[in-house]
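One structure below.
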Amino acid sequence: MSTSLPARLFRSLGSSQMEVKWMRQAARNHQDLQAMLNRRLQGEPLQYILGTQPFGPLNIKTRPPVLIPRPETEQWTSELADQLHHIWLDTGYPHKRPLKVLDLCTGTGCIPLLLYHLLNNHGLRLAALGIDISSNACKLATENIASINPSSVSAVDVQQKDLFDDDFWEFVENSFRQPTLRHIFSDSDGVIPLDVITANPPYIPDSQWQDLSPEVKDWEDPVALLGDLPLHKKGEHPSEGGKGLCFYERICGLLQSSSSGILSPSTILAMEVGENQACDVVRIFDKFGNVKVWKDLWGKERAIFIYGMG
Amino acid sequence: MASKENISRMKQLNATESLQAAWDEWIQTKELLKETAQLLDDPDSTMRSLASAEYNTLSDSLKQMVETTFASLLVPPSTTSHLSALMELKSGVGGSEASLFLGDLLRMYVRLANSNRWHAQIVAQNETENGGTKDAIVEIKGEGVYDSLRWESGVHRVQRVPATESSGRVHTSTVAIVVLPLMEETDANDAELFSMEDVKIEVMRARGAGGQHVNKTESAVRLTHVPTGITVSMQDERSQHQNRRRAFQVLSSRLMDQKIMRDIAERRATRRNLVRTADRSEKIRTYNYAQDRVTDHRIGLTMMNLTSVMEGDGLQVFIDALKKNHYENSMEDMLEAD
């Protein structure tokens with residue numbers, strides 16, 4: 001039995017018995033299982049084989065080449081939801097209107113979906129919009145939105161757009177005015193600023209690409225991972241080249257140039273960062289309000305929370 | 001408005017209602033008995049025989065009331081009757097044979113759960129290369145499950161010729177089982193078993209740069225409850241969130257179990273009884289394949305036809321007998337109290 005597929009898997013990929021167990025549970029029959037084991041042996045990510053990744057209490061559909069949700073993202077998003085719940089509880093939910101949430105580089109849509117789900121459980125109404133440049137991601141995110149709220153009326157939407165386009169804010173505001181999201185608000189709510197902006201933007205520097213494990217490099221979309229952009233997209237800070245920070249610079253630029261009413265003094269920004277990037281990202285955003293660095297369970301500085309943008 | 005005190009007073013009132021009703025019936029029956037006794041000397045013989053029959057019936061009633069009704073009313077009702085169970089199995093002495101037997105026991109309990117229409121789910125399982133199970137945790141949900149299964153806690157011993165044994169020699173191996181009360185999240189919060197500050201959460205594997213850089217599928221978690229030193233490891237679920245949730249569930253169950261054991265010990269201590277609590281390392285049951293019998297050492301019950309226990313209805317016989325035994329012990333305890 002030493003040449004059995006499971007044994008080969010253990011040896012070649014260092015996969016645990018857990019992976020084999022999960023595949024066994026998901027497989028419809030023996031042939032199905034063999035097919036799965038073979039795919040895994042080729043290095044295909046388990047989540048693409050099984051088609052899902054649990055994320056908080058949700059089950060997010062996964063499909064190549066869309067970025068597979070990471071446990072760190074699950075952690076800071078849950079933490080954010082908890083903070084938002086307490087902030088809005090403490091301040092007596094002063095808006096008394098539904099909240100407006102924007103997620104950039106949304107991928108599978110896991111972040112806005114988890115926020116929506118967790119905050120809804122706390123009785124908070126909100127409209128959440130996810131934006132991504134990739135049509136693959138948008139298609140998948142749309143499926144995730146549909147499968148997580150099949151019957152009840154929800155207000156989560158995804159739109160395809162390049163973050164670097166000049167008319168980005170216009171596009172966002174327009175998207176919130178579409179039926180899927182607009183129904184949450186009433187006319188008396190008036191002009192509503194964004195309450196929360198989240199992002200897990202591509203942050204891997206070009207120089208680190210080669211060293212990535214094949215599972216990531218050969219299967220997940222480089223567009224979702226690489227944070228260094230060609231020169232024509234770099235905008236005002238070409239000096240930050242090579243550190244994977246282009247998206248943070250763009251986000252900062254967008255926020256600074258946003259017209260009045262888009263942000264408010266109580267808008268909260270939460271962004272995931274890569275290893276050793278927290279310092280640089282804090283510096284990029286230092287003109288904004290209260291900046292906090294959040295560490296994940298592995299002790300890495302993983303997210304930047306900024307309270308008060310307007 | 002129902003205040004906390006009023007609710008607890010209502011509960012006490014309800015509890016004593018049935019006692020009051022039983023007492024009233026007792027007084028009434030005694031009165032009737034007294035009256036009937038007078039008729040035993042009646043000059044009319046028909047009257048005398050009627051009275052005699054009536055007297056016997058009433059006497060039997062009184063006897064029944066004392067022996068059964070009163071006794072059952074005075075034993076405090078089970079505080080755990082609504083709880084489901086979390087069963088932890090660990091292979092003990094005997095290496096791979098023990099882990100094979102653990103697999104057999106696991107199947108036995110899942111079968112028992114199904115026949116009782118309980119819902120059994122294996123939430124953690126460490127398998128061995130030879131198809132056995134090194135350790136496992138099973139969640140069994142249903143009304144009264146904890147009360148039924150709590151007596152399965154202890155060391156189960158198997159005596160048989162292992163499948164791998166060529167010489168036909170009988171081996172003895174053991175599996176240790178602990179049955180804990182299953183705490184739903186709301187129950188756990190109500191019981192205030194622990195505070196989050198006392199729990200250390202650790203992740204099991206290094207993730208290098210982590211984040212977008214890495215796609216590892218394991219999200220194992222280890223909790224340590226610092227005040228008691230209890231640690232719970234969980235890796236069977238596919239996400240951090242799920243493993244953490246399971247781990248907290250197991251932690252709550254272990255802490256609740258400790259609380260129940262403490263309460264029992266306290267009650268025994270105040271009654272100055274000999275401590276009869278089960279030592280978890282006690283051998284409680286032997287499964288002897290060669291002699292085709294299963295013996296429970298606590299109540300001295302032996303069942304022939306081992307297959308009926310491992311694969312049929314036989315286990316239920318032990319469970320019912322142990323429940324009855326516990327009930328009778330509780331009554332004795334209560335009657336011996338000062």
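The chains in the structure tokens are called A, B, ... from first to last as shown; in each chain the residues are counted from 1, and the ligands are counted from 1 in the order shown.
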Practice problem: Write down as a ChimeraX atom specification the residues belonging to region 2-203 of chain A that are assigned helix (DSSP H, G or I) by DSSP computed on the backbone. | Solution: /A:5-13,17-26,30-41,46-50,71-90,110-121,135-148,168-176,179-182,187-189
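The environment of Leu181 (chain A) within 9 Å, counting only C-alpha atoms and disregarding residues fewer than 6 places along the same chain, consists of Leu126, Ala127, Ala128, Leu129, Ser154, Ala155, Val156, Asp157 and Ser175 of chain A.
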Quiz item: Quick one: of B:Asn126, B:Ser173, B:Ser167, B:Ser281, who's nearest to chain A, counting only C-alpha atoms?
Solution: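 Once distances to chain A are computed over only C-alpha atoms, the minimum belongs to B:Asn126.
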Per residue of chain A within 7 Å of chain B, note the shortest atom pair and the distance in Å to one decimal, counting only C-alpha atoms, and order the rows by chain and increasing residue number, as a Markdown table.
```
| residue | atom | partner | partner_atom | distance |
| --- | --- | --- | --- | --- |
| A:Met18 | CA | B:Asp236 | CA | 6.6 |
| A:Pro54 | CA | B:Ser239 | CA | 5.7 |
| A:Phe55 | CA | B:Ser239 | CA | 6.6 |
| A:Gly56 | CA | B:His241 | CA | 5.4 |
| A:Arg70 | CA | B:Gly211 | CA | 6.2 |
| A:Pro71 | CA | B:Gln240 | CA | 6.2 |
| A:Glu72 | CA | B:Gly211 | CA | 6.0 |
| A:Leu212 | CA | B:His213 | CA | 6.4 |
| A:Val216 | CA | B:Asn215 | CA | 6.5 |
| A:Leu225 | CA | B:Gln212 | CA | 6.7 |
| A:Gly274 | CA | B:Gly211 | CA | 6.6 |
| A:Glu275 | CA | B:Ala209 | CA | 5.6 |
| A:Leu297 | CA | B:Val203 | CA | 6.6 |
| A:Trp298 | CA | B:Val203 | CA | 6.9 |
```
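The environment of Leu223 (chain B) within 9 Å, counting only C-alpha atoms and disregarding residues fewer than 3 places along the same chain, consists of Val199, Lys200, Ile201, Glu202, Val203, Ile230, Thr231, Val232, Ser233, Met234, Arg244, Ala247, Phe248 and Leu251 of chain B.
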Exercise. Run DSSP on the backbone and grab whatever in region 76-235 of chain B lands in strand (DSSP E or B); send it over as a ChimeraX atom specification.
Key: /B:84-91,119-127,133-141,154-160,171-182,199-203,221-225,230-234
Exercise. Name all residues at most 12 Å from Val178 (chain B) (count only C-alpha atoms; drop same-chain ones fewer than 6 positions away) and give them as a PyMOL selection string.
Key: chain B and resi 85-91+135-138+146+149-156+250+253-254+257-258+278-282+284
Self-check item: 12 Å contact set for region 20-23 of chain B, only C-alpha atoms, chain neighbours under 4 positions out, as a list in words
Solution: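 These residues fall inside the cut-off: Leu13, Asn14, Ala15, Thr16, Ile27, Gln28, Thr29, Lys30, Ser61, Leu62, Gln64, Met65, Val66, Thr68, Thr69, Phe70, Ala71, Ser72, Leu73 and Leu74 of chain B.
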Just to be explicit: take each residue in the selection above, keep N, CA and C atoms, and write the result as an mmCIF file, in the first residue's frame.
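Once written, selection12.cif looks like this:
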```cif
data_model
loop_
_atom_site.group_PDB
_atom_site.id
_atom_site.type_symbol
_atom_site.label_atom_id
_atom_site.label_comp_id
_atom_site.auth_asym_id
_atom_site.auth_seq_id
_atom_site.Cartn_x
_atom_site.Cartn_y
_atom_site.Cartn_z
ATOM 1 N N LEU B 13 -42.141 26.317 43.804
ATOM 2 C CA LEU B 13 -43.558 26.054 44.050
ATOM 3 C C LEU B 13 -44.043 24.885 43.202
ATOM 4 N N ASN B 14 -43.677 24.918 41.922
ATOM 5 C CA ASN B 14 -44.077 23.839 41.026
ATOM 6 C C ASN B 14 -43.537 22.505 41.490
ATOM 7 N N ALA B 15 -42.293 22.539 41.933
ATOM 8 C CA ALA B 15 -41.652 21.291 42.369
ATOM 9 C C ALA B 15 -42.361 20.708 43.570
ATOM 10 N N THR B 16 -42.809 21.597 44.469
ATOM 11 C CA THR B 16 -43.447 21.075 45.675
ATOM 12 C C THR B 16 -44.913 20.726 45.455
ATOM 13 N N ILE B 27 -52.754 11.189 53.089
ATOM 14 C CA ILE B 27 -53.622 11.478 54.244
ATOM 15 C C ILE B 27 -55.025 10.920 54.000
ATOM 16 N N GLN B 28 -55.517 11.166 52.785
ATOM 17 C CA GLN B 28 -56.846 10.693 52.410
ATOM 18 C C GLN B 28 -56.954 9.175 52.515
ATOM 19 N N THR B 29 -55.961 8.507 51.954
ATOM 20 C CA THR B 29 -55.980 7.040 51.932
ATOM 21 C C THR B 29 -55.902 6.474 53.349
ATOM 22 N N LYS B 30 -55.098 7.115 54.187
ATOM 23 C CA LYS B 30 -54.981 6.676 55.579
ATOM 24 C C LYS B 30 -56.331 6.793 56.295
ATOM 25 N N SER B 61 -52.023 0.358 48.372
ATOM 26 C CA SER B 61 -51.838 1.730 47.879
ATOM 27 C C SER B 61 -50.854 2.492 48.730
ATOM 28 N N LEU B 62 -51.059 2.399 50.055
ATOM 29 C CA LEU B 62 -50.175 3.112 50.973
ATOM 30 C C LEU B 62 -48.732 2.641 50.816
ATOM 31 N N GLN B 64 -47.363 1.333 48.211
ATOM 32 C CA GLN B 64 -46.888 1.844 46.924
ATOM 33 C C GLN B 64 -46.461 3.294 47.041
ATOM 34 N N MET B 65 -47.268 4.065 47.756
ATOM 35 C CA MET B 65 -46.956 5.481 47.896
ATOM 36 C C MET B 65 -45.626 5.681 48.606
ATOM 37 N N VAL B 66 -45.411 4.928 49.650
ATOM 38 C CA VAL B 66 -44.159 5.075 50.385
ATOM 39 C C VAL B 66 -42.975 4.641 49.543
ATOM 40 N N THR B 68 -42.593 3.906 46.290
ATOM 41 C CA THR B 68 -42.312 4.426 44.948
ATOM 42 C C THR B 68 -42.528 5.943 44.836
ATOM 43 N N THR B 69 -43.774 6.371 45.016
ATOM 44 C CA THR B 69 -44.100 7.775 44.753
ATOM 45 C C THR B 69 -43.297 8.743 45.607
ATOM 46 N N PHE B 70 -43.342 8.560 46.941
ATOM 47 C CA PHE B 70 -42.625 9.479 47.823
ATOM 48 C C PHE B 70 -41.137 9.466 47.540
ATOM 49 N N ALA B 71 -40.611 8.247 47.439
ATOM 50 C CA ALA B 71 -39.179 8.112 47.215
ATOM 51 C C ALA B 71 -38.769 8.886 45.963
ATOM 52 N N SER B 72 -39.516 8.692 44.871
ATOM 53 C CA SER B 72 -39.125 9.355 43.625
ATOM 54 C C SER B 72 -39.273 10.859 43.716
ATOM 55 N N LEU B 73 -40.244 11.320 44.515
ATOM 56 C CA LEU B 73 -40.438 12.767 44.635
ATOM 57 C C LEU B 73 -39.339 13.411 45.456
ATOM 58 N N LEU B 74 -38.781 12.658 46.391
ATOM 59 C CA LEU B 74 -37.789 13.248 47.268
ATOM 60 C C LEU B 74 -36.392 13.258 46.665
#
```
